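Quick notes on the structure that follows.
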Amino acid sequence: MSEPARKEEPEAGLDAALAKKFYYDMLLIRRFEEKAGQLYGMGLIGGFCHLYIGQEAVVVGMQAALKPGDQVITAYRDHGHMLATGMDPKGVMAELTGRATGYSKGKGGSMHMFSVEQHFYGGHGIVGAQVPIGTGLAFSNRYKKNGAVCLTYFGDGAANQGQVYESFNMAALWKLPVVYIIENNQYAMGTSVERSSATPELCKRGASFDIPGEKVDGMDVEAVYEAGQRATEYARSGKGPIILELKTYRYRGHSMSDPAKYRTREEVQEVREKRDPIEHYGARLLQRGALREDELKGMDKAIRGIVNTAAEFATESPEPSTDELFTDIYA
């Protein structure tokens, strides 16, 4: 599988506080997802549960490129996106466990959480269905002339859906402020991109609509951040949509029920050792002198405490009452 070339060590001019936040946010997502996997194994999370482990650099880098008022919409591998937008880990974990204190009052579960306050519009279980909705959010921005951009995430599998191309056409026609982010983790459920896509260069999928595209190393948070800045500025300036294909990798199966026998353990281990977004970024920060080893360990300890608190909050919260069955069915 071809990968985008890893760029040379970026200039050390990146703001130290931002670099630290990159590491912290990625580690929070990793530890949160590990705990979610444990709770699922214990039977405390039901239904579907798609973990984001391995893909943390994508959402953390992109979120840092946004301005207040910008929106985010994504598919069902969404826990990382929620945390990156600033949603409370306790509320997210409570929703995963179906509790009344969750973001959707325990009725949405893993795939259907929203936070209007954080401009996060889901979490969508139907493959590709969020793409026309994200395009609609961008249309609203253009109509209101509010200067906002919508990040619309979807995967390499959804990139083959017809509604995606209908959205591309409308967004290009009306020059909508939307950044289409293809999280190419290289396997659509269990099928590799090479086997499912006639043109595996997904960043070129907008060519017939004159939508520019860029392939980015999605395992490098700073590369993602820099591409995100360019893309959001392009869309915000009135030039219309742009596509970012972020080459990333998921370590776990498609969902918790997936044994992932379609790839070898050696393949996964090689990515973990050579390209892990958190381990490699931590080593980069140590090399720069931006953080010390004890600071990295202290950060991990603090994050584990936050995640454990979230799990305790979730499991101790009540389940929704039957009175909630028909509330919020229509907005």
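Following the order of the structure tokens, chains are lettered A, B, ..., residues in each are numbered from 1, and ligands are numbered from 1.
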>> Excluding stretch 311-314 of chain A and its own-chain neighbours fewer than 5 positions away, which residues fall within 9 Å of it when counting only C-alpha atoms? Please give them as a PyMOL selection string.
In response: chain A and resi 35-36+39+89-99+101-102+306
May I have the residues from that selection written out with N, CA and C atoms, as a compact mmCIF listing (two decimals), in the first residue's frame?
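Listed below is the output, result.txt:
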```
# COMPACT_ATOMS: atom_id res chain seq x y z
N LYS A 35 -10.50 2.44 27.07
CA LYS A 35 -11.47 2.20 28.15
C LYS A 35 -12.84 1.81 27.58
N ALA A 36 -13.24 2.44 26.48
CA ALA A 36 -14.50 2.08 25.85
C ALA A 36 -14.47 0.63 25.39
N LEU A 39 -15.06 -1.51 28.46
CA LEU A 39 -16.46 -1.50 28.90
C LEU A 39 -17.33 -2.31 27.95
N PRO A 89 -15.77 14.14 28.33
CA PRO A 89 -15.63 12.67 28.31
C PRO A 89 -16.69 11.95 29.13
N LYS A 90 -17.14 12.57 30.22
CA LYS A 90 -18.16 11.93 31.06
C LYS A 90 -19.46 11.78 30.28
N GLY A 91 -19.87 12.84 29.58
CA GLY A 91 -21.11 12.78 28.81
C GLY A 91 -21.01 11.82 27.64
N VAL A 92 -19.84 11.76 27.01
CA VAL A 92 -19.65 10.83 25.89
C VAL A 92 -19.71 9.39 26.37
N MET A 93 -18.99 9.09 27.47
CA MET A 93 -18.98 7.73 27.99
C MET A 93 -20.36 7.33 28.52
N ALA A 94 -21.07 8.29 29.11
CA ALA A 94 -22.41 8.00 29.60
C ALA A 94 -23.35 7.64 28.45
N GLU A 95 -23.19 8.31 27.32
CA GLU A 95 -24.01 7.98 26.16
C GLU A 95 -23.65 6.60 25.62
N LEU A 96 -22.37 6.29 25.60
CA LEU A 96 -21.94 4.97 25.12
C LEU A 96 -22.57 3.85 25.95
N THR A 97 -22.71 4.09 27.24
CA THR A 97 -23.27 3.08 28.13
C THR A 97 -24.79 3.21 28.28
N GLY A 98 -25.39 4.09 27.49
CA GLY A 98 -26.85 4.20 27.47
C GLY A 98 -27.46 4.82 28.71
N ARG A 99 -26.78 5.83 29.27
CA ARG A 99 -27.26 6.44 30.51
C ARG A 99 -27.94 7.79 30.25
N THR A 101 -27.50 10.56 31.55
CA THR A 101 -26.60 11.71 31.61
C THR A 101 -25.77 11.85 30.34
N GLY A 102 -26.02 11.00 29.34
CA GLY A 102 -25.27 11.07 28.09
C GLY A 102 -25.75 12.21 27.21
N ILE A 306 -8.78 11.02 34.22
CA ILE A 306 -9.97 11.61 33.59
C ILE A 306 -10.85 10.53 32.98
```
>> Residues near A:Gly134, anyone? I mean within 10 Å using only C-alpha atoms, not counting same-chain ones fewer than 5 positions away, as JSON, numbers by chain.
In response: {"A": [71, 72, 73, 74, 121, 122, 129, 139, 140, 149, 150, 151, 152, 153, 167, 178, 179, 180]}
Those same residues - N, CA and C atoms - I'd like them written as a PDB file, in the first residue's frame.
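Contents of the output file result-v9.pdb:
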```
ATOM      1  N   GLN A  71     -18.042  24.138  11.876  1.00  0.00           N
ATOM      2  CA  GLN A  71     -18.812  22.955  12.241  1.00  0.00           C
ATOM      3  C   GLN A  71     -18.070  21.669  11.873  1.00  0.00           C
ATOM      4  N   VAL A  72     -18.487  20.605  12.544  1.00  0.00           N
ATOM      5  CA  VAL A  72     -17.926  19.275  12.299  1.00  0.00           C
ATOM      6  C   VAL A  72     -19.070  18.281  12.183  1.00  0.00           C
ATOM      7  N   ILE A  73     -18.986  17.416  11.182  1.00  0.00           N
ATOM      8  CA  ILE A  73     -19.943  16.317  11.054  1.00  0.00           C
ATOM      9  C   ILE A  73     -19.175  15.104  10.560  1.00  0.00           C
ATOM     10  N   THR A  74     -19.542  13.922  11.040  1.00  0.00           N
ATOM     11  CA  THR A  74     -18.756  12.738  10.705  1.00  0.00           C
ATOM     12  C   THR A  74     -19.637  11.500  10.666  1.00  0.00           C
ATOM     13  N   TYR A 121     -22.231  17.987  14.817  1.00  0.00           N
ATOM     14  CA  TYR A 121     -23.545  17.592  14.314  1.00  0.00           C
ATOM     15  C   TYR A 121     -23.643  16.089  14.022  1.00  0.00           C
ATOM     16  N   GLY A 122     -22.911  15.280  14.761  1.00  0.00           N
ATOM     17  CA  GLY A 122     -23.016  13.827  14.639  1.00  0.00           C
ATOM     18  C   GLY A 122     -21.844  13.257  13.880  1.00  0.00           C
ATOM     19  N   ALA A 129     -24.099   9.141   4.653  1.00  0.00           N
ATOM     20  CA  ALA A 129     -25.278  10.004   4.816  1.00  0.00           C
ATOM     21  C   ALA A 129     -24.933  11.373   5.380  1.00  0.00           C
ATOM     22  N   PHE A 139     -24.006  25.129   3.029  1.00  0.00           N
ATOM     23  CA  PHE A 139     -24.941  26.007   2.316  1.00  0.00           C
ATOM     24  C   PHE A 139     -25.533  27.039   3.276  1.00  0.00           C
ATOM     25  N   SER A 140     -25.857  26.586   4.483  1.00  0.00           N
ATOM     26  CA  SER A 140     -26.395  27.506   5.492  1.00  0.00           C
ATOM     27  C   SER A 140     -25.383  28.602   5.809  1.00  0.00           C
ATOM     28  N   VAL A 149     -16.937  27.503   8.206  1.00  0.00           N
ATOM     29  CA  VAL A 149     -16.603  26.377   7.337  1.00  0.00           C
ATOM     30  C   VAL A 149     -17.085  25.093   8.003  1.00  0.00           C
ATOM     31  N   CYS A 150     -17.565  24.151   7.217  1.00  0.00           N
ATOM     32  CA  CYS A 150     -17.978  22.854   7.751  1.00  0.00           C
ATOM     33  C   CYS A 150     -16.970  21.783   7.352  1.00  0.00           C
ATOM     34  N   LEU A 151     -16.417  21.086   8.346  1.00  0.00           N
ATOM     35  CA  LEU A 151     -15.583  19.912   8.094  1.00  0.00           C
ATOM     36  C   LEU A 151     -16.501  18.705   7.977  1.00  0.00           C
ATOM     37  N   THR A 152     -16.485  18.063   6.838  1.00  0.00           N
ATOM     38  CA  THR A 152     -17.341  16.896   6.596  1.00  0.00           C
ATOM     39  C   THR A 152     -16.453  15.677   6.407  1.00  0.00           C
ATOM     40  N   TYR A 153     -16.452  14.816   7.424  1.00  0.00           N
ATOM     41  CA  TYR A 153     -15.598  13.627   7.418  1.00  0.00           C
ATOM     42  C   TYR A 153     -16.344  12.426   6.838  1.00  0.00           C
ATOM     43  N   SER A 167     -23.242  15.529  -3.657  1.00  0.00           N
ATOM     44  CA  SER A 167     -22.835  16.614  -2.765  1.00  0.00           C
ATOM     45  C   SER A 167     -21.682  17.403  -3.369  1.00  0.00           C
ATOM     46  N   VAL A 178     -17.003  24.149   2.398  1.00  0.00           N
ATOM     47  CA  VAL A 178     -16.938  22.829   3.013  1.00  0.00           C
ATOM     48  C   VAL A 178     -15.597  22.187   2.702  1.00  0.00           C
ATOM     49  N   VAL A 179     -15.011  21.569   3.712  1.00  0.00           N
ATOM     50  CA  VAL A 179     -13.801  20.774   3.534  1.00  0.00           C
ATOM     51  C   VAL A 179     -14.201  19.308   3.676  1.00  0.00           C
ATOM     52  N   TYR A 180     -14.096  18.550   2.588  1.00  0.00           N
ATOM     53  CA  TYR A 180     -14.389  17.121   2.619  1.00  0.00           C
ATOM     54  C   TYR A 180     -13.132  16.377   3.052  1.00  0.00           C
TER      55      TYR A 180
END
```
>> I'd like the neighbourhood of A:Ala172 as a ChimeraX atom specification, where a residue qualifies if any of its atoms comes within 8 Å (using only C-alpha atoms), though same-chain residues fewer than 5 positions away should be ignored.
In response: /A:209-211,240-241
>> For a test of reading the model, state the distance in Å between atom CA of A:Trp174 and atom CA of A:Gly155, rounded to one decimal.
In response: 23.9 Å
> Looking only at the backbone, which of the residues in stretch 89-329 of chain A does DSSP tag as alpha helix (DSSP H), as a PyMOL selection string?
Replying inline: chain A and resi 89-96+130-144+162-174+193-196+221-234+265-275+277-288+293-316
Could the residues of stretch 20-56 of chain A that have an atom at most 12 Å from stretch 83-86 of chain A be listed as JSON lines, each with its closest atom pair and the distance in Å to one decimal, counting only C-alpha atoms and ordered by chain and ascending residue number?
```
{"residue": "A:Lys21", "atom": "CA", "partner": "A:Ala84", "partner_atom": "CA", "distance": 10.5}
{"residue": "A:Phe22", "atom": "CA", "partner": "A:Ala84", "partner_atom": "CA", "distance": 9.9}
{"residue": "A:Tyr23", "atom": "CA", "partner": "A:Ala84", "partner_atom": "CA", "distance": 11.8}
{"residue": "A:Tyr24", "atom": "CA", "partner": "A:Ala84", "partner_atom": "CA", "distance": 10.4}
{"residue": "A:Asp25", "atom": "CA", "partner": "A:Ala84", "partner_atom": "CA", "distance": 6.7}
{"residue": "A:Met26", "atom": "CA", "partner": "A:Ala84", "partner_atom": "CA", "distance": 8.4}
{"residue": "A:Leu27", "atom": "CA", "partner": "A:Leu83", "partner_atom": "CA", "distance": 10.9}
{"residue": "A:Leu28", "atom": "CA", "partner": "A:Leu83", "partner_atom": "CA", "distance": 8.0}
{"residue": "A:Ile29", "atom": "CA", "partner": "A:Leu83", "partner_atom": "CA", "distance": 6.8}
{"residue": "A:Arg30", "atom": "CA", "partner": "A:Leu83", "partner_atom": "CA", "distance": 10.6}
{"residue": "A:Arg31", "atom": "CA", "partner": "A:Leu83", "partner_atom": "CA", "distance": 11.5}
{"residue": "A:Phe32", "atom": "CA", "partner": "A:Leu83", "partner_atom": "CA", "distance": 9.1}
{"residue": "A:Glu33", "atom": "CA", "partner": "A:Leu83", "partner_atom": "CA", "distance": 10.6}
{"residue": "A:Tyr52", "atom": "CA", "partner": "A:Leu83", "partner_atom": "CA", "distance": 11.2}
{"residue": "A:Glu56", "atom": "CA", "partner": "A:Ala84", "partner_atom": "CA", "distance": 9.2}
```
> With only C-alpha atoms as the basis for distance, which of A:Ala158, A:Leu137, A:Met62, A:Leu51 is at the shortest distance from A:Ser110?
Replying inline: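 Among the listed residues, the smallest separation from A:Ser110 belongs to A:Leu51.
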> Which distance in Å separates atom CA of A:Met82 and atom CA of A:Met111, to one decimal?
Replying inline: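 About the pair atom CA of A:Met82 and atom CA of A:Met111: they are 11.0 Å apart.
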>> Need the shell around A:Val216: protein/DNA/RNA residues with any atom at most 12 Å away, counting only C-alpha atoms. Skip same-chain ones fewer than 5 positions apart. Format as a ChimeraX atom specification?
In response: /A:3-7,57-58,61-62,181-184,201-203,221-228,230-231,243-248
Would you save the residues of that selection, restricted to N, CA and C atoms, as an mmCIF file, in the first residue's frame?
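The result, written out as part.cif:
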```
data_model
loop_
_atom_site.group_PDB
_atom_site.id
_atom_site.type_symbol
_atom_site.label_atom_id
_atom_site.label_comp_id
_atom_site.auth_asym_id
_atom_site.auth_seq_id
_atom_site.Cartn_x
_atom_site.Cartn_y
_atom_site.Cartn_z
ATOM 1 N N GLU A 3 2.054 5.008 0.548
ATOM 2 C CA GLU A 3 1.844 6.010 1.585
ATOM 3 C C GLU A 3 2.376 7.348 1.091
ATOM 4 N N PRO A 4 1.783 8.437 1.547
ATOM 5 C CA PRO A 4 2.375 9.730 1.229
ATOM 6 C C PRO A 4 3.736 9.838 1.896
ATOM 7 N N ALA A 5 4.676 10.451 1.220
ATOM 8 C CA ALA A 5 6.014 10.578 1.778
ATOM 9 C C ALA A 5 5.967 11.370 3.077
ATOM 10 N N ARG A 6 6.656 10.880 4.099
ATOM 11 C CA ARG A 6 6.722 11.611 5.366
ATOM 12 C C ARG A 6 7.607 12.825 5.174
ATOM 13 N N LYS A 7 7.111 13.953 5.623
ATOM 14 C CA LYS A 7 7.866 15.179 5.411
ATOM 15 C C LYS A 7 9.044 15.246 6.366
ATOM 16 N N ALA A 57 -4.419 11.453 15.080
ATOM 17 C CA ALA A 57 -3.789 12.658 14.527
ATOM 18 C C ALA A 57 -4.695 13.382 13.549
ATOM 19 N N VAL A 58 -5.597 12.651 12.907
ATOM 20 C CA VAL A 58 -6.469 13.250 11.904
ATOM 21 C C VAL A 58 -7.354 14.314 12.538
ATOM 22 N N GLY A 61 -5.436 17.286 14.529
ATOM 23 C CA GLY A 61 -4.824 18.275 13.651
ATOM 24 C C GLY A 61 -5.841 19.138 12.948
ATOM 25 N N MET A 62 -6.925 18.520 12.470
ATOM 26 C CA MET A 62 -7.947 19.285 11.756
ATOM 27 C C MET A 62 -8.685 20.225 12.694
ATOM 28 N N ILE A 181 -13.237 15.666 4.159
ATOM 29 C CA ILE A 181 -12.082 14.969 4.721
ATOM 30 C C ILE A 181 -12.302 13.464 4.596
ATOM 31 N N ILE A 182 -11.504 12.846 3.743
ATOM 32 C CA ILE A 182 -11.593 11.391 3.567
ATOM 33 C C ILE A 182 -10.590 10.751 4.512
ATOM 34 N N GLU A 183 -11.100 10.120 5.561
ATOM 35 C CA GLU A 183 -10.232 9.403 6.499
ATOM 36 C C GLU A 183 -9.943 8.024 5.899
ATOM 37 N N ASN A 184 -8.893 7.949 5.141
ATOM 38 C CA ASN A 184 -8.551 6.715 4.442
ATOM 39 C C ASN A 184 -7.732 5.825 5.371
ATOM 40 N N GLU A 201 -6.561 6.739 -5.642
ATOM 41 C CA GLU A 201 -6.130 8.089 -5.257
ATOM 42 C C GLU A 201 -7.379 8.905 -4.926
ATOM 43 N N LEU A 202 -7.865 8.764 -3.712
ATOM 44 C CA LEU A 202 -9.160 9.337 -3.342
ATOM 45 C C LEU A 202 -9.155 10.859 -3.340
ATOM 46 N N CYS A 203 -7.991 11.468 -3.206
ATOM 47 C CA CYS A 203 -7.929 12.932 -3.211
ATOM 48 C C CYS A 203 -8.297 13.503 -4.579
ATOM 49 N N VAL A 221 0.395 14.607 13.050
ATOM 50 C CA VAL A 221 -0.571 15.624 13.477
ATOM 51 C C VAL A 221 -0.203 17.012 12.954
ATOM 52 N N GLU A 222 1.079 17.312 12.853
ATOM 53 C CA GLU A 222 1.468 18.631 12.361
ATOM 54 C C GLU A 222 1.238 18.763 10.863
ATOM 55 N N ALA A 223 1.444 17.684 10.128
ATOM 56 C CA ALA A 223 1.153 17.698 8.696
ATOM 57 C C ALA A 223 -0.338 17.907 8.470
ATOM 58 N N VAL A 224 -1.154 17.262 9.302
ATOM 59 C CA VAL A 224 -2.609 17.429 9.211
ATOM 60 C C VAL A 224 -3.002 18.867 9.528
ATOM 61 N N TYR A 225 -2.424 19.407 10.584
ATOM 62 C CA TYR A 225 -2.733 20.783 10.992
ATOM 63 C C TYR A 225 -2.407 21.782 9.883
ATOM 64 N N GLU A 226 -1.247 21.618 9.269
ATOM 65 C CA GLU A 226 -0.842 22.540 8.203
ATOM 66 C C GLU A 226 -1.767 22.413 6.993
ATOM 67 N N ALA A 227 -2.117 21.181 6.629
ATOM 68 C CA ALA A 227 -3.046 20.980 5.513
ATOM 69 C C ALA A 227 -4.422 21.515 5.866
ATOM 70 N N GLY A 228 -4.824 21.342 7.116
ATOM 71 C CA GLY A 228 -6.116 21.849 7.564
ATOM 72 C C GLY A 228 -6.201 23.359 7.492
ATOM 73 N N ARG A 230 -4.538 25.276 5.398
ATOM 74 C CA ARG A 230 -4.642 25.635 3.977
ATOM 75 C C ARG A 230 -6.054 25.401 3.453
ATOM 76 N N ALA A 231 -6.626 24.243 3.816
ATOM 77 C CA ALA A 231 -7.937 23.859 3.287
ATOM 78 C C ALA A 231 -9.050 24.754 3.825
ATOM 79 N N ILE A 243 -10.960 18.925 -1.036
ATOM 80 C CA ILE A 243 -10.884 17.560 -0.499
ATOM 81 C C ILE A 243 -9.505 17.319 0.109
ATOM 82 N N LEU A 244 -9.487 16.765 1.313
ATOM 83 C CA LEU A 244 -8.255 16.280 1.925
ATOM 84 C C LEU A 244 -8.373 14.775 2.115
ATOM 85 N N GLU A 245 -7.468 14.030 1.532
ATOM 86 C CA GLU A 245 -7.394 12.592 1.786
ATOM 87 C C GLU A 245 -6.307 12.370 2.829
ATOM 88 N N LEU A 246 -6.711 11.953 4.007
ATOM 89 C CA LEU A 246 -5.776 11.753 5.099
ATOM 90 C C LEU A 246 -5.492 10.259 5.246
ATOM 91 N N LYS A 247 -4.292 9.864 4.852
ATOM 92 C CA LYS A 247 -3.897 8.453 4.907
ATOM 93 C C LYS A 247 -3.591 8.087 6.356
ATOM 94 N N THR A 248 -4.416 7.231 6.911
ATOM 95 C CA THR A 248 -4.275 6.856 8.302
ATOM 96 C C THR A 248 -4.435 5.345 8.432
#
```
> Suppose you want the space between atom CA of A:Tyr330 and atom CA of A:Thr135; what is it in Å?
Replying inline: 21.1 Å
> If we count only C-alpha atoms, what is near A:Pro320 at a cut-off of 9 Å, once residues fewer than 2 positions away on the same chain are taken out, given as an MDAnalysis selection string?
Replying inline: chainID A and resid 98:101 105:107 318 322:325
Residue subset to file, keeping C-alpha atoms, as a compact mmCIF listing (two decimals), in the first residue's frame:
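Contents of the output file again-v9.txt:
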```txt
# COMPACT_ATOMS: atom_id res chain seq x y z
CA GLY A 98 -26.85 4.20 27.47
CA ARG A 99 -27.26 6.44 30.51
CA ALA A 100 -29.58 9.40 31.03
CA THR A 101 -26.60 11.71 31.61
CA LYS A 105 -29.88 11.05 27.06
CA GLY A 106 -28.79 7.45 26.56
CA LYS A 107 -30.85 6.92 23.43
CA PRO A 318 -29.16 6.02 35.84
CA THR A 322 -39.56 5.14 29.77
CA ASP A 323 -40.84 8.74 29.68
CA GLU A 324 -37.90 9.50 27.38
CA LEU A 325 -38.97 7.03 24.70
```
>> Report as a list in words all protein, DNA and RNA residues lying within 12 Å of A:Glu273, evaluated on only C-alpha atoms, omitting residues in the same chain fewer than 6 positions from it.
In response: Gly54, Tyr251, Glu266, Glu267, Glu279 and His280 of chain A
What would the file look like if the residues just selected were written as a compact mmCIF listing (two decimals), in the first residue's frame with C-alpha atoms?
```
# COMPACT_ATOMS: atom_id res chain seq x y z
CA GLY A 54 -4.63 4.76 15.44
CA TYR A 251 -5.44 -0.73 14.74
CA GLU A 266 2.51 -8.24 11.15
CA GLU A 267 0.92 -5.47 9.07
CA GLU A 279 4.50 7.57 20.13
CA HIS A 280 6.27 9.26 17.26
```
